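Student: To be precise about what I am sending: the file is called model.pdb and holds PDB, C-alpha atoms.
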```pdb
ATOM      1  CA  MET A   5      41.406  43.628  21.513
ATOM      2  CA  ALA A   6      41.984  44.566  17.944
ATOM      3  CA  LYS A   7      44.834  46.536  16.677
ATOM      4  CA  LYS A   8      43.742  49.208  14.301
ATOM      5  CA  LEU A   9      45.140  48.575  10.853
ATOM      6  CA  MET A  10      46.848  51.542   9.448
ATOM      7  CA  SER A  11      45.722  50.703   5.897
ATOM      8  CA  GLY A  12      42.088  51.256   6.663
ATOM      9  CA  GLY A  13      40.494  47.732   6.948
ATOM     10  CA  ALA A  14      37.492  47.510   9.218
ATOM     11  CA  ILE A  15      37.762  45.278  12.255
ATOM     12  CA  SER A  16      34.921  44.689  14.631
ATOM     13  CA  ASP A  17      34.769  42.797  17.873
ATOM     14  CA  ILE A  18      31.713  40.664  18.512
ATOM     15  CA  ASN A  19      28.944  42.652  20.053
ATOM     16  CA  VAL A  20      28.170  40.660  23.191
ATOM     17  CA  THR A  21      25.170  42.619  24.340
ATOM     18  CA  PRO A  22      22.496  40.793  22.284
ATOM     19  CA  MET A  23      23.853  37.425  23.389
ATOM     20  CA  VAL A  24      23.557  38.447  27.005
ATOM     21  CA  ASP A  25      20.006  39.596  26.342
ATOM     22  CA  VAL A  26      19.050  36.256  24.831
ATOM     23  CA  MET A  27      20.617  34.352  27.670
ATOM     24  CA  LEU A  28      18.910  36.433  30.305
ATOM     25  CA  VAL A  29      15.593  35.745  28.618
ATOM     26  CA  LEU A  30      16.280  31.995  28.524
ATOM     27  CA  LEU A  31      17.320  32.063  32.142
ATOM     28  CA  ILE A  32      14.158  33.831  33.187
ATOM     29  CA  ILE A  33      12.048  31.365  31.186
ATOM     30  CA  PHE A  34      13.636  28.419  32.944
ATOM     31  CA  MET A  35      13.370  30.060  36.338
ATOM     32  CA  VAL A  36       9.671  30.581  35.794
ATOM     33  CA  ILE A  37       8.949  27.130  34.375
ATOM     34  CA  THR A  38      10.708  25.064  37.007
ATOM     35  CA  PRO A  39       8.306  25.586  39.944
ATOM     36  CA  MET A  40       5.323  25.038  37.683
ATOM     37  CA  LEU A  41       6.500  21.619  36.602
ATOM     38  CA  SER A  42       6.176  19.873  39.938
ATOM     39  CA  LYS A  43       2.557  18.820  39.982
ATOM     40  CA  GLY A  44       0.943  18.006  43.243
ATOM     41  CA  VAL A  45       2.319  18.393  46.677
ATOM     42  CA  SER A  46       5.977  18.315  47.514
ATOM     43  CA  VAL A  47       6.953  15.357  49.660
ATOM     44  CA  ASP A  48      10.327  14.163  50.867
ATOM     45  CA  LYS A  49      10.607  10.877  49.070
ATOM     46  CA  VAL A  50      12.456   7.888  50.465
ATOM     47  CA  LYS A  51      15.892   7.244  49.022
ATOM     48  CA  THR A  52      16.060   3.791  47.526
ATOM     49  CA  MET A  53      18.646   1.826  45.613
ATOM     50  CA  ASN A  54      16.463  -0.207  43.308
ATOM     51  CA  ALA A  55      14.009   2.340  42.035
ATOM     52  CA  ILE A  56      13.220   2.097  38.363
ATOM     53  CA  ALA A  57      12.360   4.944  36.066
ATOM     54  CA  MET A  58       8.658   5.627  35.880
ATOM     55  CA  GLN A  59       8.125   7.870  32.935
ATOM     56  CA  ALA A  60       4.405   7.408  33.067
ATOM     57  CA  ALA A  61       4.207   9.311  36.322
ATOM     58  CA  GLU A  62       5.016  12.549  34.526
ATOM     59  CA  LYS A  63       2.188  12.288  32.060
ATOM     60  CA  GLU A  64      -0.750  14.625  32.230
ATOM     61  CA  ASP A  65      -3.301  11.901  32.827
ATOM     62  CA  ALA A  66      -1.298   9.946  35.390
ATOM     63  CA  VAL A  67      -3.172   9.357  38.614
ATOM     64  CA  LEU A  68      -0.982  10.670  41.405
ATOM     65  CA  VAL A  69      -1.857  10.190  45.045
ATOM     66  CA  ALA A  70       0.344  11.887  47.616
ATOM     67  CA  VAL A  71       0.555  11.218  51.336
ATOM     68  CA  THR A  72       2.237  13.983  53.299
ATOM     69  CA  ARG A  73       4.114  13.748  56.548
ATOM     70  CA  ASN A  74       1.127  14.639  58.681
ATOM     71  CA  GLY A  75      -1.136  12.153  56.984
ATOM     72  CA  GLU A  76      -3.010  14.305  54.497
ATOM     73  CA  VAL A  77      -3.980  12.616  51.272
ATOM     74  CA  PHE A  78      -3.890  14.479  47.988
ATOM     75  CA  LEU A  79      -5.187  13.350  44.620
ATOM     76  CA  GLY A  80      -3.145  15.383  42.158
ATOM     77  CA  SER A  81      -2.978  18.729  43.881
ATOM     78  CA  ALA A  82      -6.340  18.587  45.606
ATOM     79  CA  LYS A  83      -6.627  17.430  49.177
ATOM     80  CA  ILE A  84      -9.291  14.784  49.673
ATOM     81  CA  PRO A  85     -10.391  12.627  52.581
ATOM     82  CA  ALA A  86      -9.284   9.066  52.060
ATOM     83  CA  ALA A  87     -12.832   7.764  51.891
ATOM     84  CA  GLU A  88     -13.478   9.573  48.620
ATOM     85  CA  LEU A  89     -10.487   7.981  46.958
ATOM     86  CA  PRO A  90     -12.141   4.857  45.544
ATOM     87  CA  GLY A  91     -14.848   6.827  43.741
ATOM     88  CA  LYS A  92     -12.598   9.476  42.282
ATOM     89  CA  VAL A  93      -9.831   7.092  41.315
ATOM     90  CA  LYS A  94     -12.292   4.757  39.654
ATOM     91  CA  ASP A  95     -13.586   7.685  37.609
ATOM     92  CA  LEU A  96     -10.123   8.655  36.548
ATOM     93  CA  LEU A  97      -9.275   5.103  35.584
ATOM     94  CA  THR A  98     -12.351   4.274  33.528
ATOM     95  CA  GLY A  99     -11.504   3.342  30.003
ATOM     96  CA  ARG A 100      -7.852   2.862  30.707
ATOM     97  CA  LEU A 101      -6.072  -0.405  30.153
ATOM     98  CA  ASP A 102      -3.246   0.288  32.522
ATOM     99  CA  LYS A 103      -4.709   0.775  35.964
ATOM    100  CA  THR A 104      -1.524   1.917  37.592
ATOM    101  CA  VAL A 105      -1.736   4.551  40.272
ATOM    102  CA  PHE A 106       1.345   6.403  41.438
ATOM    103  CA  VAL A 107       1.647   6.974  45.157
ATOM    104  CA  SER A 108       4.231   9.371  46.477
ATOM    105  CA  CYS A 109       4.518   9.182  50.242
ATOM    106  CA  ASP A 110       6.643  11.287  52.502
ATOM    107  CA  SER A 111       9.339   9.160  54.061
ATOM    108  CA  ARG A 112       8.114  10.024  57.556
ATOM    109  CA  ALA A 113       4.438   9.535  56.880
ATOM    110  CA  ARG A 114       2.830   7.018  59.182
ATOM    111  CA  TYR A 115       2.451   3.690  57.481
ATOM    112  CA  GLU A 116      -1.082   3.460  58.810
ATOM    113  CA  LYS A 117      -2.102   6.278  56.488
ATOM    114  CA  VAL A 118      -0.421   4.601  53.563
ATOM    115  CA  VAL A 119      -2.242   1.371  54.398
ATOM    116  CA  ASP A 120      -5.484   3.312  54.397
ATOM    117  CA  VAL A 121      -4.744   4.712  50.953
ATOM    118  CA  VAL A 122      -3.719   1.288  49.665
ATOM    119  CA  ASP A 123      -6.928  -0.285  50.956
ATOM    120  CA  ASN A 124      -8.982   2.425  49.297
ATOM    121  CA  LEU A 125      -7.123   1.984  46.032
ATOM    122  CA  ARG A 126      -7.794  -1.722  46.252
ATOM    123  CA  ALA A 127     -11.488  -0.921  46.582
ATOM    124  CA  ALA A 128     -11.206   1.095  43.366
ATOM    125  CA  GLY A 129      -9.888  -1.977  41.597
ATOM    126  CA  VAL A 130      -6.282  -0.881  41.336
ATOM    127  CA  ASP A 131      -3.829  -3.732  41.468
ATOM    128  CA  ASN A 132      -0.563  -2.136  40.445
ATOM    129  CA  ILE A 133       0.891   0.874  42.209
ATOM    130  CA  GLY A 134       4.119   2.731  41.725
ATOM    131  CA  LEU A 135       5.636   3.992  44.950
ATOM    132  CA  LEU A 136       7.577   7.056  43.903
ATOM    133  CA  THR A 137      10.987   7.265  45.494
ATOM    134  CA  GLU A 138      14.320   8.919  44.883
ATOM    135  CA  LEU A 139      17.051   6.904  43.297
ATOM    136  CA  ASP A 140      20.096   7.023  45.498
ATOM    137  CA  GLN A 141      22.956   6.492  43.061
ATOM    138  CA  LYS A 142      25.673   6.402  45.657
ATOM    139  CA  ALA A 143      24.011   3.823  47.853
ATOM    140  CA  LYS A 144      23.324   1.704  44.801
ATOM    141  CA  ALA A 145      26.951   1.891  43.735
ATOM    142  CA  ARG A 146      28.055   0.849  47.197
ATOM    143  CA  ALA A 147      25.566  -2.013  47.320
ATOM    144  CA  ASP A 148      26.601  -3.229  43.885
ATOM    145  CA  ALA A 149      30.257  -3.143  44.873
ATOM    146  CA  LEU A 150      29.456  -5.069  48.034
ATOM    147  CA  ALA A 151      27.481  -7.660  46.119
ATOM    148  CA  ALA A 152      30.285  -8.057  43.623
ATOM    149  CA  SER A 153      32.809  -8.623  46.368
ATOM    150  CA  PHE A 154      30.522 -11.224  47.938
ATOM    151  CA  ALA A 155      30.115 -13.049  44.670
ATOM    152  CA  SER A 156      33.804 -13.199  43.927
ATOM    153  CA  GLY A 157      35.228 -13.729  47.382
ATOM    154  CA  GLY A 158      32.480 -15.323  49.367
ATOM    155  CA  GLU A 159      32.104 -18.700  47.787
ATOM    156  CA  SER A 160      33.707 -20.541  50.646
ATOM    157  CA  LYS A 161      31.009 -20.196  53.281
TER     158      LYS A 161
ATOM    159  CA  MET B   9      35.557  45.046  23.941
ATOM    160  CA  SER B  10      37.228  48.167  22.968
ATOM    161  CA  MET B  11      38.934  50.569  25.192
ATOM    162  CA  ALA B  12      39.045  54.031  23.894
ATOM    163  CA  VAL B  13      41.789  56.038  25.291
ATOM    164  CA  GLY B  14      41.162  59.688  24.846
ATOM    165  CA  GLY B  15      44.106  61.704  25.822
ATOM    166  CA  GLY B  16      42.476  65.035  25.343
ATOM    167  CA  THR B  17      39.498  66.458  27.135
ATOM    168  CA  GLY B  18      37.614  63.224  27.717
ATOM    169  CA  GLY B  19      39.903  61.262  29.975
ATOM    170  CA  PRO B  20      40.155  57.418  29.902
ATOM    171  CA  LYS B  21      36.906  55.447  29.454
ATOM    172  CA  SER B  22      36.345  51.734  29.788
ATOM    173  CA  ASP B  23      33.379  49.614  28.772
ATOM    174  CA  ILE B  24      32.048  46.869  31.006
ATOM    175  CA  ASN B  25      33.808  43.573  30.541
ATOM    176  CA  MET B  26      30.985  41.218  29.499
ATOM    177  CA  THR B  27      32.847  37.947  29.681
ATOM    178  CA  PRO B  28      32.394  37.136  33.376
ATOM    179  CA  MET B  29      28.713  37.951  33.221
ATOM    180  CA  ILE B  30      28.253  35.576  30.304
ATOM    181  CA  ASP B  31      30.067  32.861  32.207
ATOM    182  CA  VAL B  32      27.819  33.275  35.213
ATOM    183  CA  LEU B  33      24.705  33.299  33.077
ATOM    184  CA  LEU B  34      25.742  30.197  31.167
ATOM    185  CA  VAL B  35      26.339  28.340  34.401
ATOM    186  CA  LEU B  36      22.934  29.351  35.745
ATOM    187  CA  ILE B  37      21.213  28.308  32.538
ATOM    188  CA  ILE B  38      22.901  24.936  32.615
ATOM    189  CA  ILE B  39      21.874  24.460  36.230
ATOM    190  CA  PHE B  40      18.254  25.095  35.406
ATOM    191  CA  MET B  41      18.356  22.942  32.304
ATOM    192  CA  VAL B  42      19.558  20.068  34.410
ATOM    193  CA  ILE B  43      17.064  20.493  37.209
ATOM    194  CA  VAL B  44      13.986  20.644  35.030
ATOM    195  CA  PRO B  45      13.845  17.259  33.217
ATOM    196  CA  LEU B  46      14.245  14.833  36.118
ATOM    197  CA  THR B  47      12.391  11.574  35.550
ATOM    198  CA  PRO B  48      10.469  10.291  38.501
ATOM    199  CA  HIS B  49      11.722   7.001  39.887
ATOM    200  CA  GLY B  50       9.906   4.523  42.001
ATOM    201  CA  LEU B  51       9.295   1.003  43.167
ATOM    202  CA  GLU B  52       6.487  -1.030  41.733
ATOM    203  CA  ALA B  53       4.257  -2.751  44.205
ATOM    204  CA  LEU B  54       1.169  -4.849  43.837
ATOM    205  CA  ILE B  55      -2.011  -4.810  45.811
ATOM    206  CA  PRO B  56      -3.471  -8.281  46.044
ATOM    207  CA  GLN B  57      -7.072  -8.209  44.937
ATOM    208  CA  PRO B  58      -9.545 -10.443  46.727
ATOM    209  CA  PRO B  59      -9.664 -13.724  44.849
ATOM    210  CA  PRO B  60     -12.930 -14.398  43.031
ATOM    211  CA  PRO B  61     -15.179 -16.718  45.029
ATOM    212  CA  GLY B  62     -14.585 -20.366  44.235
ATOM    213  CA  THR B  63     -10.852 -20.296  43.732
ATOM    214  CA  PRO B  64      -8.944 -22.653  46.000
ATOM    215  CA  PRO B  65      -7.055 -20.827  48.774
ATOM    216  CA  ALA B  66      -3.437 -20.003  48.035
ATOM    217  CA  ASP B  67      -0.797 -22.338  49.352
ATOM    218  CA  VAL B  68       0.080 -20.676  52.634
ATOM    219  CA  ASP B  69       3.318 -22.552  53.132
ATOM    220  CA  ARG B  70       4.843 -21.139  50.018
ATOM    221  CA  THR B  71       4.062 -17.496  50.572
ATOM    222  CA  VAL B  72       7.005 -15.447  51.744
ATOM    223  CA  VAL B  73       6.095 -12.499  53.921
ATOM    224  CA  ILE B  74       8.497  -9.867  55.182
ATOM    225  CA  ILE B  75       7.102  -8.554  58.427
ATOM    226  CA  ILE B  76       8.330  -5.326  59.969
ATOM    227  CA  ASN B  77       7.434  -5.014  63.606
ATOM    228  CA  ARG B  78       6.773  -1.933  65.650
ATOM    229  CA  ASP B  79      10.270  -2.044  67.164
ATOM    230  CA  HIS B  80      11.802  -1.943  63.665
ATOM    231  CA  SER B  81      12.869  -5.568  63.745
ATOM    232  CA  MET B  82      12.156  -7.617  60.644
ATOM    233  CA  GLN B  83      11.040 -11.186  60.151
ATOM    234  CA  LEU B  84      10.983 -13.403  57.121
ATOM    235  CA  ASN B  85       7.861 -15.509  57.814
ATOM    236  CA  THR B  86       8.851 -16.550  61.326
ATOM    237  CA  GLU B  87      12.599 -16.137  61.112
ATOM    238  CA  PRO B  88      13.987 -12.913  62.565
ATOM    239  CA  ILE B  89      16.378 -11.199  60.202
ATOM    240  CA  THR B  90      18.289  -7.958  59.830
ATOM    241  CA  ALA B  91      18.165  -5.559  56.929
ATOM    242  CA  ASP B  92      21.640  -6.325  55.649
ATOM    243  CA  ARG B  93      20.983 -10.055  55.508
ATOM    244  CA  LEU B  94      17.541  -9.763  54.020
ATOM    245  CA  THR B  95      18.600  -9.542  50.393
ATOM    246  CA  ALA B  96      20.982 -12.479  50.627
ATOM    247  CA  ARG B  97      18.395 -14.600  52.441
ATOM    248  CA  LEU B  98      15.725 -13.807  49.887
ATOM    249  CA  ILE B  99      18.033 -14.805  47.057
ATOM    250  CA  ASP B 100      18.654 -18.076  48.908
ATOM    251  CA  VAL B 101      14.991 -18.819  49.424
ATOM    252  CA  PHE B 102      14.094 -18.078  45.856
ATOM    253  CA  LYS B 103      16.896 -20.084  44.290
ATOM    254  CA  THR B 104      14.605 -23.054  44.115
ATOM    255  CA  ARG B 105      11.487 -21.191  43.152
ATOM    256  CA  ASN B 106      10.264 -19.984  39.835
ATOM    257  CA  GLU B 107       7.806 -17.335  40.768
ATOM    258  CA  ARG B 108       9.475 -14.514  42.618
ATOM    259  CA  VAL B 109       6.640 -13.138  44.632
ATOM    260  CA  CYS B 110       6.861 -11.907  48.167
ATOM    261  CA  PHE B 111       4.687  -9.823  50.432
ATOM    262  CA  VAL B 112       5.513  -7.018  52.795
ATOM    263  CA  LYS B 113       3.568  -6.335  55.948
ATOM    264  CA  GLY B 114       4.318  -3.467  58.265
ATOM    265  CA  ASP B 115       3.053  -2.299  61.601
ATOM    266  CA  PRO B 116       0.799   0.762  61.178
ATOM    267  CA  ASP B 117       2.858   2.785  63.612
ATOM    268  CA  LEU B 118       5.967   2.664  61.510
ATOM    269  CA  GLU B 119       7.194   5.394  59.244
ATOM    270  CA  PHE B 120       6.765   4.752  55.558
ATOM    271  CA  GLN B 121      10.490   4.742  54.971
ATOM    272  CA  GLU B 122      10.975   1.516  56.912
ATOM    273  CA  VAL B 123       8.520  -0.294  54.699
ATOM    274  CA  ALA B 124       9.946   1.347  51.593
ATOM    275  CA  ARG B 125      13.406   0.112  52.550
ATOM    276  CA  ALA B 126      12.110  -3.424  52.917
ATOM    277  CA  ILE B 127      10.489  -3.226  49.479
ATOM    278  CA  ASP B 128      13.726  -1.782  48.140
ATOM    279  CA  LEU B 129      15.741  -4.677  49.559
ATOM    280  CA  ALA B 130      13.260  -7.163  48.142
ATOM    281  CA  LYS B 131      13.577  -5.579  44.702
ATOM    282  CA  GLY B 132      17.329  -5.808  45.129
ATOM    283  CA  ALA B 133      16.905  -9.571  45.563
ATOM    284  CA  GLN B 134      15.268  -9.588  42.124
ATOM    285  CA  MET B 135      11.710 -10.092  43.241
ATOM    286  CA  ASP B 136       9.441  -9.697  40.286
ATOM    287  CA  LYS B 137       6.398  -8.910  42.311
ATOM    288  CA  VAL B 138       6.275  -7.371  45.734
ATOM    289  CA  GLY B 139       2.818  -7.232  47.242
ATOM    290  CA  LEU B 140       1.644  -5.065  50.064
ATOM    291  CA  MET B 141      -0.284  -6.915  52.712
ATOM    292  CA  THR B 142      -2.579  -5.008  54.994
ATOM    293  CA  SER B 143      -4.629  -6.244  57.900
ATOM    294  CA  LYS B 144      -7.831  -5.563  55.988
ATOM    295  CA  MET B 145      -6.689  -7.851  53.214
ATOM    296  CA  GLU B 146      -5.857 -10.588  55.687
ATOM    297  CA  GLN B 147      -9.284 -10.340  57.226
ATOM    298  CA  GLY B 148     -10.975 -10.260  53.873
ATOM    299  CA  GLN B 149      -9.270 -13.448  52.918
TER     300      GLN B 149
END
```
Take the structure I supplied and represent it as structure tokens, if you would.

Tutor:
Amino acid sequence: MAKKLMSGGAISDINVTPMVDVMLVLLIIFMVITPMLSKGVSVDKVKTMNAIAMQAAEKEDAVLVAVTRNGEVFLGSAKIPAAELPGKVKDLLTGRLDKTVFVSCDSRARYEKVVDVVDNLRAAGVDNIGLLTELDQKAKARADALAASFASGGESK
Amino acid sequence: MSMAVGGGTGGPKSDINMTPMIDVLLVLIIIFMVIVPLTPHGLEALIPQPPPPGTPPADVDRTVVIIINRDHSMQLNTEPITADRLTARLIDVFKTRNERVCFVKGDPDLEFQEVARAIDLAKGAQMDKVGLMTSKMEQGQ
């Protein structure tokens, strides 16, 4: 709040309106982009302590196979029957040195379905898969603390 | 923002106070900026390929297999074990070994999370390579 100078100097407060406009636009951009970023099907991933970062899974040409809770198999965002997996995956992997396929399974998916997918990937010549999971920071911190206490205090067994 | 007080015919006027709205908007923008760039995490697993014909069969005594049964109990080769002891036991077994390779086999009726936990615990025991063993692979070999 500016006091008006009696001697006639001009004082102006910052005009906040354009800043609010810009921020609203940025907000809307982010709100629109966020749902578009998650490629493929949404699955509830398993929480694990030792998951490593897999940057390659975000890339455009990454092969992503998803297994949902009720056993449906998706390649990217398209649902396919498991028997077609070897052919399609082989096509996608031709000419690539790194034949890594990323598999994101719902935590409650039946393991039988996952085994089916793994067998089909094996038929396509894939030997390295990345099981996408969520990194559970808190559980990892607890496990690390537990391991540290074992190492320091548990030598007399 | 300015408040113009008109004493005459106009009466008091007040402009909207923008500051709280900017605060709210900034918080929302930061929330979205954090949510968007999350890197995917995962566990690496290997799928054993059928060995080319002519190679000698692998030494069965040295392979370590974590088996998860239908009733959620786990075994390390033939020794029953619980989840909390698995990591420690694996570290023990592999103290004398150079190549840290183990396999995980699960009953088809299980939920994926049980098997994922076993792989997670194996990775926690510093296994370099965790392989998934399926019944088809066993038959093929």

Student: Name every residue that the ChimeraX specification (/B :<6) & /A selects in this structure, writing the answer as number ranges by chain with chains first and numbers rising.

Tutor: A: 31, 38, 50, 54-58, 111-116, 131-138

Student: In Å to one decimal, how far is CA of Gln147 (chain B) from CA of Lys92 (chain A)?

Tutor: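 Between CA of Lys92 (chain A) and CA of Gln147 (chain B) the gap is 25.0 Å.
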
Student: Take the PyMOL selection byres ((chain A and resi 120) around 10), run it mentally on this structure, and tell me the resulting residues as an MDAnalysis selection string.

Tutor: (chainID A and resid 77 86:87 115:119 121:126) or (chainID B and resid 116 142 144)

Student: Give as a VMD selection string the residues that the PyMOL selection byres ((chain A and resi 97-108) around 7) matches when applied to the coordinates above.

Tutor: chain A and resid 61 67 to 71 93 to 96 109 to 110 130 132 to 136

Student: Keeping C-alpha atoms, export the residues of the selection given above as an mmCIF file, in the coordinates of the input.

Tutor:
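Wrote it out as again.cif, contents follow:
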```
data_model
loop_
_atom_site.group_PDB
_atom_site.id
_atom_site.type_symbol
_atom_site.label_atom_id
_atom_site.label_comp_id
_atom_site.auth_asym_id
_atom_site.auth_seq_id
_atom_site.Cartn_x
_atom_site.Cartn_y
_atom_site.Cartn_z
ATOM 1 C CA ALA A 61 4.207 9.311 36.322
ATOM 2 C CA VAL A 67 -3.172 9.357 38.614
ATOM 3 C CA LEU A 68 -0.982 10.670 41.405
ATOM 4 C CA VAL A 69 -1.857 10.190 45.045
ATOM 5 C CA ALA A 70 0.344 11.887 47.616
ATOM 6 C CA VAL A 71 0.555 11.218 51.336
ATOM 7 C CA VAL A 93 -9.831 7.092 41.315
ATOM 8 C CA LYS A 94 -12.292 4.757 39.654
ATOM 9 C CA ASP A 95 -13.586 7.685 37.609
ATOM 10 C CA LEU A 96 -10.123 8.655 36.548
ATOM 11 C CA CYS A 109 4.518 9.182 50.242
ATOM 12 C CA ASP A 110 6.643 11.287 52.502
ATOM 13 C CA VAL A 130 -6.282 -0.881 41.336
ATOM 14 C CA ASN A 132 -0.563 -2.136 40.445
ATOM 15 C CA ILE A 133 0.891 0.874 42.209
ATOM 16 C CA GLY A 134 4.119 2.731 41.725
ATOM 17 C CA LEU A 135 5.636 3.992 44.950
ATOM 18 C CA LEU A 136 7.577 7.056 43.903
#
```

Student: Please determine, counting only C-alpha atoms, which residue among A:Asp48, A:Phe78, A:Leu41, A:Leu139 has the shortest atom-to-atom distance to Glu64 (chain A).

Tutor: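 Among A:Asp48, A:Phe78, A:Leu41, A:Leu139, it is A:Leu41 that comes nearest to Glu64 (chain A).
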
Student: How far is it from CA of Lys144 (chain A) to CA of Thr90 (chain B), in Å with one decimal?

Tutor: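 Distance reported for this atom pair: 18.6 Å.
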
Student: Mind giving me the straight-line distance from CA of Lys51 (chain A) to CA of Asp140 (chain A) in Å, one decimal?

Tutor: 5.5 Å

Student: Let me know the centre plus edge lengths, in Å and rounded to one decimal, of a box with edges along x, y and z that contains all listed atoms of region 24-39 of chain A and is padded by 3 Å on every side, as AutoDock Vina command-line options.

Tutor:
```
--center_x 15.9 --center_y 32.3 --center_z 32.4 --size_x 21.3 --size_y 20.5 --size_z 21.1
```

Student: Using only C-alpha atoms for the distances, tell me which of A:Val45, A:Val36, A:Leu28, A:Met53 is nearest to Ser81 (chain A).

Tutor: A:Val45
